[in-house]
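As structure tokens, the structure follows; a few thoughts come after it.
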Amino acid sequence: MIFDGSQTRIGYGAQAEVLLYKGFAYKVYRSSYPVEWIEFEKKQQKAINDAELCNVKYYDTEDPHIIKMDYIDGDTLEKRAVSGDISCFHTLSDAFRFVHGKNASNINIPHFSDTAGMGLDDDDKTEVLSIISRLSNKMESCVCHLDMHFLNIMLPKESNDFIIIDWINARLAPLVFDYARTYIIFEEFSKEGLDAYKQIVLPELWDYGVDENDFRDAKRACSIIRNREKRS
């Protein structure tokens with residue numbers, strides 16, 4: 001695919017940049033990024049669309065390393081957060097409840113245990129899968145986003161609602177892992193954010209009946225996986 005020069009970069013990450021071009025967003029991956037992972041991302045997004053968790057659709061292009069996407073005209077929740085607006089944590093809570101409240105019985109995404117051990121050494125894999133197994137036997141599974149943070153929650157200009165994006169990590173798992181994953185992200189990037197997360201968002205987890213020992217184990221599993229991501 002060839003852009004005509006009118007495209008504008010609106011986002012970027014370690015493996016891809018996002019361009020606004022003729023009314024659509026385009027995620028342009030590095031040429032070294034595996035095509036099969038991109039195909040998985042598109043399949044995952046279709047499942048999320050079907051479950052009515054996100055209305056942003058992905059489209060094929062003639063370049064396997066480029067995904068065409070519906071464009072959201074708005075800002076990330078991060079923009080509100082950096083202005084010091086504490087209500088962003090209440091929106092984060094709303095996003096968790098929205099995702100976890102969906103009926104997961106027919107959604108076609110993997111279980112957390114199917115992929116959590118990928119890339120881990122034997123000891124870490126055994127520990128992570130053991131934690132997932134124990135907590136999955138104890139708690140009901142639901143849809144978990146597993147990368148829920150302010151940059152992945154969009155606030156459209158012409159709506160009072162939010163749209164959650166970047167669903168590639170979504171899995172079926174006990175909701176404790178979703179709260180744990182976000183905890184690890186705040187722990188890595190923002191002490192102030194972590195303190196607010198503990199005070200505003202985490203009390204909901206205790207309301208579900210999750211105890212602190214189970215949450216500690218979920219954090220341990222998510223920390224091991226996050227460290228693998230940083231190494232790769």
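Chain lettering (A, B, ...) mirrors the order of the structure tokens, residue numbering begins at 1 for each chain separately, and ligand numbering begins at 1 in order of display.
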Alpha helix (DSSP H) per DSSP on the backbone: members of segment 28-148 of chain A, as an MDAnalysis selection string: chainID A and resid 35:50 77:82 87:100 112:115 122:138
Residues of segment 130-209 of chain A that approach segment 25-46 of chain A to 12 Å or less, counting only C-alpha atoms: could you list each one with the shortest pair of atoms and its distance in Å to one decimal, rows by chain and increasing residue number, as a Markdown table?
| residue | atom | partner | partner_atom | distance |
| --- | --- | --- | --- | --- |
| A:His145 | CA | A:Gln44 | CA | 11.4 |
| A:Ile164 | CA | A:Gln45 | CA | 11.4 |
| A:Ile165 | CA | A:Gln45 | CA | 9.3 |
| A:Asp166 | CA | A:Gln45 | CA | 8.4 |
| A:Trp167 | CA | A:Gln45 | CA | 6.5 |
| A:Ile168 | CA | A:Glu41 | CA | 5.4 |
| A:Asn169 | CA | A:Glu41 | CA | 8.9 |
| A:Ala170 | CA | A:Gln44 | CA | 8.1 |
| A:Arg171 | CA | A:Gln44 | CA | 9.7 |
With all heavy atoms kept, could you save the residues just selected as an mmCIF file, in the first residue's frame?
data_model
loop_
_atom_site.group_PDB
_atom_site.id
_atom_site.type_symbol
_atom_site.label_atom_id
_atom_site.label_comp_id
_atom_site.auth_asym_id
_atom_site.auth_seq_id
_atom_site.Cartn_x
_atom_site.Cartn_y
_atom_site.Cartn_z
ATOM 1 N N HIS A 145 -9.509 -7.812 29.289
ATOM 2 C CA HIS A 145 -8.766 -7.056 28.273
ATOM 3 C C HIS A 145 -7.273 -7.309 28.401
ATOM 4 O O HIS A 145 -6.551 -7.452 27.412
ATOM 5 C CB HIS A 145 -9.076 -5.561 28.422
ATOM 6 C CG HIS A 145 -8.462 -4.692 27.380
ATOM 7 N ND1 HIS A 145 -7.162 -4.220 27.484
ATOM 8 C CD2 HIS A 145 -8.943 -4.200 26.214
ATOM 9 C CE1 HIS A 145 -6.889 -3.470 26.422
ATOM 10 N NE2 HIS A 145 -7.947 -3.437 25.640
ATOM 11 N N ILE A 164 -12.972 1.189 24.197
ATOM 12 C CA ILE A 164 -11.749 0.480 24.574
ATOM 13 C C ILE A 164 -11.118 -0.090 23.308
ATOM 14 O O ILE A 164 -11.794 -0.704 22.490
ATOM 15 C CB ILE A 164 -12.063 -0.650 25.567
ATOM 16 C CG1 ILE A 164 -12.787 -0.090 26.798
ATOM 17 C CG2 ILE A 164 -10.777 -1.367 25.997
ATOM 18 C CD1 ILE A 164 -13.409 -1.164 27.675
ATOM 19 N N ILE A 165 -9.830 0.136 23.144
ATOM 20 C CA ILE A 165 -9.130 -0.294 21.934
ATOM 21 C C ILE A 165 -8.011 -1.281 22.293
ATOM 22 O O ILE A 165 -7.776 -1.579 23.458
ATOM 23 C CB ILE A 165 -8.554 0.919 21.161
ATOM 24 C CG1 ILE A 165 -7.546 1.687 22.034
ATOM 25 C CG2 ILE A 165 -9.680 1.845 20.706
ATOM 26 C CD1 ILE A 165 -6.783 2.779 21.270
ATOM 27 N N ASP A 166 -7.337 -1.779 21.242
ATOM 28 C CA ASP A 166 -6.170 -2.671 21.384
ATOM 29 C C ASP A 166 -6.498 -3.925 22.198
ATOM 30 O O ASP A 166 -6.052 -4.108 23.326
ATOM 31 C CB ASP A 166 -4.992 -1.925 22.000
ATOM 32 C CG ASP A 166 -4.343 -0.978 21.012
ATOM 33 O OD1 ASP A 166 -4.706 -1.018 19.820
ATOM 34 O OD2 ASP A 166 -3.483 -0.176 21.423
ATOM 35 N N TRP A 167 -7.231 -4.832 21.553
ATOM 36 C CA TRP A 167 -7.744 -6.021 22.217
ATOM 37 C C TRP A 167 -6.883 -7.253 21.973
ATOM 38 O O TRP A 167 -7.308 -8.372 22.280
ATOM 39 C CB TRP A 167 -9.170 -6.298 21.737
ATOM 40 C CG TRP A 167 -10.171 -5.315 22.241
ATOM 41 C CD1 TRP A 167 -10.503 -4.105 21.696
ATOM 42 C CD2 TRP A 167 -10.999 -5.461 23.402
ATOM 43 N NE1 TRP A 167 -11.481 -3.485 22.434
ATOM 44 C CE2 TRP A 167 -11.806 -4.302 23.493
ATOM 45 C CE3 TRP A 167 -11.140 -6.466 24.359
ATOM 46 C CZ2 TRP A 167 -12.739 -4.115 24.511
ATOM 47 C CZ3 TRP A 167 -12.070 -6.279 25.384
ATOM 48 C CH2 TRP A 167 -12.852 -5.117 25.442
ATOM 49 N N ILE A 168 -5.690 -7.109 21.457
ATOM 50 C CA ILE A 168 -4.896 -8.280 21.087
ATOM 51 C C ILE A 168 -4.572 -9.154 22.296
ATOM 52 O O ILE A 168 -4.423 -10.368 22.183
ATOM 53 C CB ILE A 168 -3.611 -7.861 20.342
ATOM 54 C CG1 ILE A 168 -2.953 -9.092 19.734
ATOM 55 C CG2 ILE A 168 -2.675 -7.087 21.254
ATOM 56 C CD1 ILE A 168 -1.833 -8.768 18.767
ATOM 57 N N ASN A 169 -4.466 -8.573 23.489
ATOM 58 C CA ASN A 169 -4.141 -9.348 24.689
ATOM 59 C C ASN A 169 -5.367 -9.960 25.354
ATOM 60 O O ASN A 169 -5.223 -10.696 26.333
ATOM 61 C CB ASN A 169 -3.438 -8.455 25.719
ATOM 62 C CG ASN A 169 -2.010 -8.149 25.338
ATOM 63 O OD1 ASN A 169 -1.387 -8.906 24.606
ATOM 64 N ND2 ASN A 169 -1.491 -7.028 25.812
ATOM 65 N N ALA A 170 -6.566 -9.666 24.876
ATOM 66 C CA ALA A 170 -7.787 -10.119 25.554
ATOM 67 C C ALA A 170 -7.849 -11.645 25.621
ATOM 68 O O ALA A 170 -7.542 -12.341 24.650
ATOM 69 C CB ALA A 170 -9.010 -9.578 24.843
ATOM 70 N N ARG A 171 -8.252 -12.135 26.773
ATOM 71 C CA ARG A 171 -8.343 -13.573 27.006
ATOM 72 C C ARG A 171 -9.529 -13.852 27.934
ATOM 73 O O ARG A 171 -10.046 -12.950 28.603
ATOM 74 C CB ARG A 171 -7.066 -14.121 27.669
ATOM 75 C CG ARG A 171 -5.791 -13.921 26.874
ATOM 76 C CD ARG A 171 -5.731 -14.756 25.615
ATOM 77 N NE ARG A 171 -4.446 -14.637 24.941
ATOM 78 C CZ ARG A 171 -4.177 -13.741 23.992
ATOM 79 N NH1 ARG A 171 -5.121 -12.877 23.616
ATOM 80 N NH2 ARG A 171 -2.998 -13.699 23.418
#
Go ahead and compute the interatomic distance for atom CA of Leu155 of chain A and atom CA of Gly74 of chain A, in Å to one decimal.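 A separation of 5.4 Å between them.
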Which residues, written as a PyMOL selection string, have at least one atom at most 8 Å from segment 81-92 of chain A, with only C-alpha atoms counted and residues fewer than 4 positions away on the same chain left out? chain A and resi 77+96+148-150+196-197+200-201
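Atom pair atom CA of Val143 of chain A / atom CA of Arg181 of chain A: separated by 13.7 Å.
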